[in-house]
Amino acid sequence: MVVTTPDLKSIAEAVSGGAVRVETLVQPGADAETFAPRPGHVGMIRKAALIVRVGLGFDEWLDKLIRQAGDTGQVRNGQILDLSTDIALLEVQGRSVEARSGHAHGAANPHYWLDPANAEAMSARIAEALVRIAPAGQDAIVSAQKRFAVDLKQRLTRWTAKLEPFRGEAVVAYHNGWPYFARRFRLNIVDLIEPKEGIAPSPARLSGLAGRMRASGVRAILHEPFEPAEASRYLAERTGARVVVLAPSVGAVPEATDYLSLFDYNVDRLAEVLAQPR
């Protein structure tokens, strides 16, 4: 099977029970929103028994790969799984993906995997699809998905407890990738540094944002390794807030080696920053 991102690869491997081989198009450490497929990826798509995607325009480049792969029957036979269809989405706006600038989001915010609670439904749908393509591995797949769900729930309890002291904390994010994370852990994203996804902020925007941050008592700026650091550093210097580099995906930082350690890292790092004196 082929998945579009390292996050989906990690979940799929966790629930596959070794029944299938999982390959990812976007490699760990790369930015999926600016990903440029190579000719060799067409062959991966053509041979895949199952393709799993994030959807919502996040991995829209997959559509071109599917067209280039020709009519392999994957669409007709339901071998392309869009995991966004079973998620309670945020920022649903019906915006067309065709009229996008930068790497703007589509009809809703696509970063839903950053609410770890969503991974239970995601893993169940992947496991169900895997059983269809590898029925001989059904018992192993079902058992693996149950183990993943139990581990996920246990860790979610721990992550929630760790961030509970900071419920309602005002933060600013560089990129609009954190609303699901913020909803899950009760953080308040008061503003974004980017005026639009993939568009750098102007000096006037930064000046106004610094004032809003001071008024709201913002102590943390959520920053991703892929994004330019200058604006976040500028705001930190002028407001006293601290830049905290969080991993938006598996492999974005060395500590995020799989889906669960992604949240171990993000929760620990954010709690460490928010616990520091004002």
# chains A, B, ... in the order shown; residues from 1 in each chain; ligands from 1
$ residues_around --residues "segment 226-237 of chain A" --least-positions-apart "6" --cutoff "12 Å" --atoms "only C-alpha atoms" --output "PyMOL selection string"
chain A and resi 28-35+171-177+192-194+197-214+218-220+243-249+251-253
$ write_last_selection --atoms "C-alpha atoms" --output "short mmCIF file (atom, residue, chain, number, x, y, z; two decimals), in the first residue's frame"
data_model
loop_
_atom_site.label_atom_id
_atom_site.label_comp_id
_atom_site.auth_asym_id
_atom_site.auth_seq_id
_atom_site.Cartn_x
_atom_site.Cartn_y
_atom_site.Cartn_z
CA PRO A 28 10.06 12.07 6.98
CA GLY A 29 11.38 15.59 7.43
CA ALA A 30 9.82 16.93 4.21
CA ASP A 31 6.95 19.41 4.05
CA ALA A 32 3.94 17.66 2.50
CA GLU A 33 2.28 20.97 1.60
CA THR A 34 5.13 21.93 -0.72
CA PHE A 35 5.92 18.39 -1.90
CA VAL A 171 -0.61 31.20 21.98
CA VAL A 172 0.29 32.38 18.49
CA ALA A 173 1.15 30.02 15.62
CA TYR A 174 3.23 30.76 12.55
CA HIS A 175 1.22 28.44 10.29
CA ASN A 176 -2.43 27.50 10.58
CA GLY A 177 -1.59 23.90 11.36
CA LEU A 192 -1.45 33.52 13.14
CA ILE A 193 1.77 35.02 11.84
CA GLU A 194 1.08 34.10 8.22
CA GLU A 197 -1.04 29.86 4.21
CA GLY A 198 2.38 30.07 2.56
CA ILE A 199 2.43 33.89 2.51
CA ALA A 200 5.07 35.74 4.55
CA PRO A 201 3.85 38.44 6.98
CA SER A 202 4.46 42.11 6.25
CA PRO A 203 6.25 44.44 8.72
CA ALA A 204 2.91 46.14 9.41
CA ARG A 205 1.30 42.82 10.27
CA LEU A 206 4.12 41.90 12.62
CA SER A 207 3.91 45.25 14.38
CA GLY A 208 0.17 44.90 14.94
CA LEU A 209 0.53 41.27 15.99
CA ALA A 210 3.14 42.17 18.61
CA GLY A 211 0.64 44.53 20.23
CA ARG A 212 -2.10 41.90 20.24
CA MET A 213 0.26 39.35 21.73
CA ARG A 214 1.21 41.65 24.60
CA VAL A 218 0.90 35.29 24.79
CA ARG A 219 3.87 33.32 26.10
CA ALA A 220 4.45 30.80 23.30
CA VAL A 243 9.41 30.27 20.24
CA VAL A 244 8.59 26.59 20.65
CA VAL A 245 9.42 24.38 17.67
CA LEU A 246 6.74 21.71 17.37
CA ALA A 247 6.69 18.79 14.96
CA PRO A 248 3.72 18.87 12.54
CA SER A 249 4.50 15.38 11.29
CA GLY A 251 10.19 12.87 11.22
CA ALA A 252 9.93 16.68 11.36
CA VAL A 253 12.23 16.54 14.40
#
$ residues_around --residues "Arg167 of chain A" --least-positions-apart "2" --cutoff "10 Å" --atoms "only C-alpha atoms" --output "ChimeraX atom specification"
/A:160,163-165,169-170,182,185-188
$ residues_around --residues "Ala48 of chain A" --least-positions-apart "2" --cutoff "6 Å" --atoms "only C-alpha atoms" --output "mmCIF file with N, CA, C and O atoms, in the first residue's frame"
data_model
loop_
_atom_site.group_PDB
_atom_site.id
_atom_site.type_symbol
_atom_site.label_atom_id
_atom_site.label_comp_id
_atom_site.auth_asym_id
_atom_site.auth_seq_id
_atom_site.Cartn_x
_atom_site.Cartn_y
_atom_site.Cartn_z
ATOM 1 N N MET A 1 0.836 -1.190 0.000
ATOM 2 C CA MET A 1 0.000 0.000 0.000
ATOM 3 C C MET A 1 0.873 1.242 0.000
ATOM 4 O O MET A 1 2.040 1.196 0.416
ATOM 5 N N VAL A 2 0.313 2.343 -0.467
ATOM 6 C CA VAL A 2 1.015 3.617 -0.523
ATOM 7 C C VAL A 2 0.201 4.649 0.246
ATOM 8 O O VAL A 2 -1.022 4.726 0.091
ATOM 9 N N ILE A 45 2.298 4.463 -7.421
ATOM 10 C CA ILE A 45 0.842 4.566 -7.469
ATOM 11 C C ILE A 45 0.243 3.447 -8.320
ATOM 12 O O ILE A 45 -0.759 2.820 -7.962
ATOM 13 N N ARG A 46 0.888 3.178 -9.443
ATOM 14 C CA ARG A 46 0.350 2.185 -10.385
ATOM 15 C C ARG A 46 0.300 0.789 -9.753
ATOM 16 O O ARG A 46 -0.618 0.008 -10.021
ATOM 17 N N LEU A 50 -3.593 -0.314 -2.363
ATOM 18 C CA LEU A 50 -4.379 0.630 -1.579
ATOM 19 C C LEU A 50 -3.592 1.926 -1.473
ATOM 20 O O LEU A 50 -2.378 1.902 -1.259
#
$ select_by_dssp --residues "segment 1-199 of chain A" --states "alpha helix (DSSP H)" --output "PyMOL selection string"
chain A and resi 6-16+40-47+61-69+118-133+138-163+179-185
$ select_by_dssp --residues "segment 19-89 of chain A" --states "strand (DSSP E)" --output "PDB file with N, CA and C atoms, in the first residue's frame"
ATOM      1  N   GLU A  23       4.437   2.061   2.034  1.00  0.00           N
ATOM      2  CA  GLU A  23       5.379   3.039   1.494  1.00  0.00           C
ATOM      3  C   GLU A  23       4.752   4.425   1.558  1.00  0.00           C
ATOM      4  N   THR A  24       5.578   5.443   1.838  1.00  0.00           N
ATOM      5  CA  THR A  24       5.087   6.809   1.870  1.00  0.00           C
ATOM      6  C   THR A  24       5.683   7.623   0.730  1.00  0.00           C
ATOM      7  N   ILE A  51      -4.290   3.054  -1.628  1.00  0.00           N
ATOM      8  CA  ILE A  51      -3.685   4.372  -1.478  1.00  0.00           C
ATOM      9  C   ILE A  51      -4.456   5.113  -0.390  1.00  0.00           C
ATOM     10  N   VAL A  52      -3.740   5.652   0.586  1.00  0.00           N
ATOM     11  CA  VAL A  52      -4.382   6.371   1.686  1.00  0.00           C
ATOM     12  C   VAL A  52      -3.883   7.810   1.688  1.00  0.00           C
ATOM     13  N   ARG A  53      -4.823   8.755   1.788  1.00  0.00           N
ATOM     14  CA  ARG A  53      -4.466  10.163   1.717  1.00  0.00           C
ATOM     15  C   ARG A  53      -5.103  10.947   2.865  1.00  0.00           C
ATOM     16  N   ILE A  80      -8.699   3.936  -3.109  1.00  0.00           N
ATOM     17  CA  ILE A  80      -8.139   5.206  -2.646  1.00  0.00           C
ATOM     18  C   ILE A  80      -8.952   5.660  -1.442  1.00  0.00           C
ATOM     19  N   LEU A  81      -8.315   5.708  -0.302  1.00  0.00           N
ATOM     20  CA  LEU A  81      -8.983   5.989   0.964  1.00  0.00           C
ATOM     21  C   LEU A  81      -8.643   7.397   1.431  1.00  0.00           C
ATOM     22  N   ASP A  82      -9.654   8.260   1.512  1.00  0.00           N
ATOM     23  CA  ASP A  82      -9.515   9.623   2.015  1.00  0.00           C
ATOM     24  C   ASP A  82      -9.979   9.622   3.467  1.00  0.00           C
TER      25      ASP A  82
END
$ atom_distance --atom1 "atom CA of Phe58 of chain A" --atom2 "atom CA of Ala271 of chain A"
28.2 Å
$ closest_atom_pairs --of "segment 79-195 of chain A" --to "segment 4-19 of chain A" --cutoff "8 Å" --atoms "only C-alpha atoms" --output "Markdown table"
| residue | atom | partner | partner_atom | distance |
| --- | --- | --- | --- | --- |
| A:Trp113 | CA | A:Asp7 | CA | 7.8 |
| A:Ala119 | CA | A:Ile11 | CA | 7.8 |
| A:Ser123 | CA | A:Ile11 | CA | 6.2 |
| A:Ile126 | CA | A:Ala12 | CA | 6.5 |
| A:Ala127 | CA | A:Val15 | CA | 6.1 |
| A:Leu130 | CA | A:Ser16 | CA | 7.1 |
| A:Ala134 | CA | A:Ala19 | CA | 6.7 |
| A:Gly137 | CA | A:Ala19 | CA | 5.4 |
| A:Ala140 | CA | A:Gly17 | CA | 4.9 |
| A:Ile141 | CA | A:Gly17 | CA | 4.8 |
| A:Val142 | CA | A:Val15 | CA | 7.5 |
| A:Ser143 | CA | A:Gly17 | CA | 7.6 |
| A:Ala144 | CA | A:Val15 | CA | 4.7 |
| A:Gln145 | CA | A:Val15 | CA | 4.5 |
| A:Phe148 | CA | A:Ala14 | CA | 6.6 |
$ closest_residue --among "A:Val131, A:Val3, A:Leu90, A:Leu56" --to "Trp178 of chain A" --atoms "only C-alpha atoms"
A:Leu90
$ residues_around --residues "Glu272 of chain A" --least-positions-apart "4" --cutoff "10 Å" --atoms "only C-alpha atoms" --output "CSV table (one decimal) with N, CA and C atoms, in the first residue's frame"
chain,number,residue,atom,x,y,z
A,162,LYS,N,-0.8,16.5,31.3
A,162,LYS,CA,0.4,17.3,31.2
A,162,LYS,C,0.0,18.7,30.8
A,163,LEU,N,-0.9,18.9,29.9
A,163,LEU,CA,-1.2,20.2,29.4
A,163,LEU,C,-2.4,20.9,30.1
A,244,VAL,N,8.5,28.0,20.4
A,244,VAL,CA,8.6,26.6,20.7
A,244,VAL,C,8.4,25.9,19.3
A,266,ASN,N,5.8,16.9,21.3
A,266,ASN,CA,5.1,18.1,21.2
A,266,ASN,C,4.5,18.5,22.6
A,267,VAL,N,3.9,17.6,23.2
A,267,VAL,CA,3.3,17.9,24.5
A,267,VAL,C,4.4,18.3,25.6
A,268,ASP,N,5.5,17.5,25.6
A,268,ASP,CA,6.5,17.7,26.5
A,268,ASP,C,7.2,19.1,26.3
A,276,GLN,N,7.5,27.8,32.2
A,276,GLN,CA,8.5,28.8,32.6
A,276,GLN,C,7.9,30.1,33.1
$ atom_distance --atom1 "atom CA of Met122 of chain A" --atom2 "atom CA of Leu83 of chain A"
6.2 Å
$ atom_distance --atom1 "atom CA of His223 of chain A" --atom2 "atom CA of Tyr259 of chain A"
18.8 Å
$ residues_around --residues "Gly70 of chain A" --least-positions-apart "4" --cutoff "12 Å" --atoms "only C-alpha atoms" --output "list in words"
Val42, Gly43, Ile45, Arg46, Lys47, Asp63, Lys64, Leu65, Ile66, Gln74 and Val75 of chain A
$ decode --residues "segment 206-240 of chain A" --atoms "N, CA and C atoms" --output "compact mmCIF listing (two decimals), in the first residue's frame"
# COMPACT_ATOMS: atom_id res chain seq x y z
N LEU A 206 3.34 42.30 11.45
CA LEU A 206 4.12 41.90 12.62
C LEU A 206 4.01 42.93 13.73
N SER A 207 4.03 44.20 13.37
CA SER A 207 3.91 45.25 14.38
C SER A 207 2.56 45.17 15.10
N GLY A 208 1.48 45.01 14.33
CA GLY A 208 0.17 44.90 14.94
C GLY A 208 0.03 43.63 15.77
N LEU A 209 0.61 42.55 15.28
CA LEU A 209 0.53 41.27 15.99
C LEU A 209 1.27 41.33 17.32
N ALA A 210 2.39 42.03 17.36
CA ALA A 210 3.14 42.17 18.61
C ALA A 210 2.27 42.84 19.68
N GLY A 211 1.53 43.86 19.28
CA GLY A 211 0.64 44.53 20.23
C GLY A 211 -0.46 43.61 20.73
N ARG A 212 -1.05 42.83 19.84
CA ARG A 212 -2.10 41.90 20.24
C ARG A 212 -1.56 40.81 21.15
N MET A 213 -0.35 40.37 20.88
CA MET A 213 0.26 39.35 21.73
C MET A 213 0.49 39.87 23.15
N ARG A 214 0.99 41.08 23.26
CA ARG A 214 1.21 41.65 24.60
C ARG A 214 -0.11 41.82 25.34
N ALA A 215 -1.14 42.27 24.62
CA ALA A 215 -2.44 42.46 25.25
C ALA A 215 -3.07 41.15 25.71
N SER A 216 -2.80 40.08 24.99
CA SER A 216 -3.39 38.77 25.32
C SER A 216 -2.52 37.94 26.26
N GLY A 217 -1.33 38.42 26.55
CA GLY A 217 -0.44 37.66 27.43
C GLY A 217 0.12 36.41 26.79
N VAL A 218 0.37 36.46 25.49
CA VAL A 218 0.90 35.29 24.79
C VAL A 218 2.32 34.98 25.27
N ARG A 219 2.54 33.73 25.63
CA ARG A 219 3.87 33.32 26.10
C ARG A 219 4.57 32.34 25.17
N ALA A 220 3.85 31.81 24.17
CA ALA A 220 4.45 30.80 23.30
C ALA A 220 4.06 31.06 21.85
N ILE A 221 5.05 30.94 20.97
CA ILE A 221 4.84 31.04 19.53
C ILE A 221 5.10 29.65 18.96
N LEU A 222 4.06 29.02 18.40
CA LEU A 222 4.19 27.67 17.85
C LEU A 222 4.80 27.78 16.46
N HIS A 223 5.94 27.16 16.30
CA HIS A 223 6.69 27.28 15.05
C HIS A 223 7.03 25.88 14.54
N GLU A 224 7.01 25.72 13.22
CA GLU A 224 7.31 24.44 12.60
C GLU A 224 8.69 24.48 11.97
N PRO A 225 9.40 23.37 11.95
CA PRO A 225 10.77 23.35 11.41
C PRO A 225 10.85 23.79 9.95
N PHE A 226 9.75 23.62 9.18
CA PHE A 226 9.78 23.95 7.76
C PHE A 226 9.67 25.44 7.49
N GLU A 227 9.18 26.20 8.48
CA GLU A 227 8.85 27.60 8.24
C GLU A 227 10.03 28.53 8.50
N PRO A 228 10.10 29.68 7.79
CA PRO A 228 11.18 30.65 8.05
C PRO A 228 11.07 31.19 9.47
N ALA A 229 12.22 31.38 10.11
CA ALA A 229 12.24 31.68 11.54
C ALA A 229 12.22 33.17 11.87
N GLU A 230 12.49 34.03 10.88
CA GLU A 230 12.72 35.44 11.19
C GLU A 230 11.53 36.10 11.88
N ALA A 231 10.33 35.89 11.38
CA ALA A 231 9.15 36.56 11.94
C ALA A 231 8.88 36.10 13.36
N SER A 232 9.02 34.81 13.61
CA SER A 232 8.79 34.30 14.97
C SER A 232 9.82 34.87 15.94
N ARG A 233 11.06 34.95 15.51
CA ARG A 233 12.11 35.51 16.37
C ARG A 233 11.86 36.98 16.64
N TYR A 234 11.44 37.70 15.63
CA TYR A 234 11.14 39.13 15.77
C TYR A 234 10.06 39.33 16.84
N LEU A 235 8.99 38.55 16.76
CA LEU A 235 7.91 38.69 17.72
C LEU A 235 8.34 38.28 19.12
N ALA A 236 9.17 37.26 19.21
CA ALA A 236 9.66 36.84 20.52
C ALA A 236 10.48 37.95 21.18
N GLU A 237 11.32 38.60 20.39
CA GLU A 237 12.15 39.67 20.94
C GLU A 237 11.32 40.85 21.43
N ARG A 238 10.20 41.11 20.78
CA ARG A 238 9.41 42.29 21.10
C ARG A 238 8.27 42.03 22.07
N THR A 239 8.01 40.79 22.38
CA THR A 239 6.90 40.49 23.29
C THR A 239 7.31 39.69 24.52
N GLY A 240 8.49 39.09 24.48
CA GLY A 240 8.89 38.22 25.58
C GLY A 240 8.35 36.81 25.47
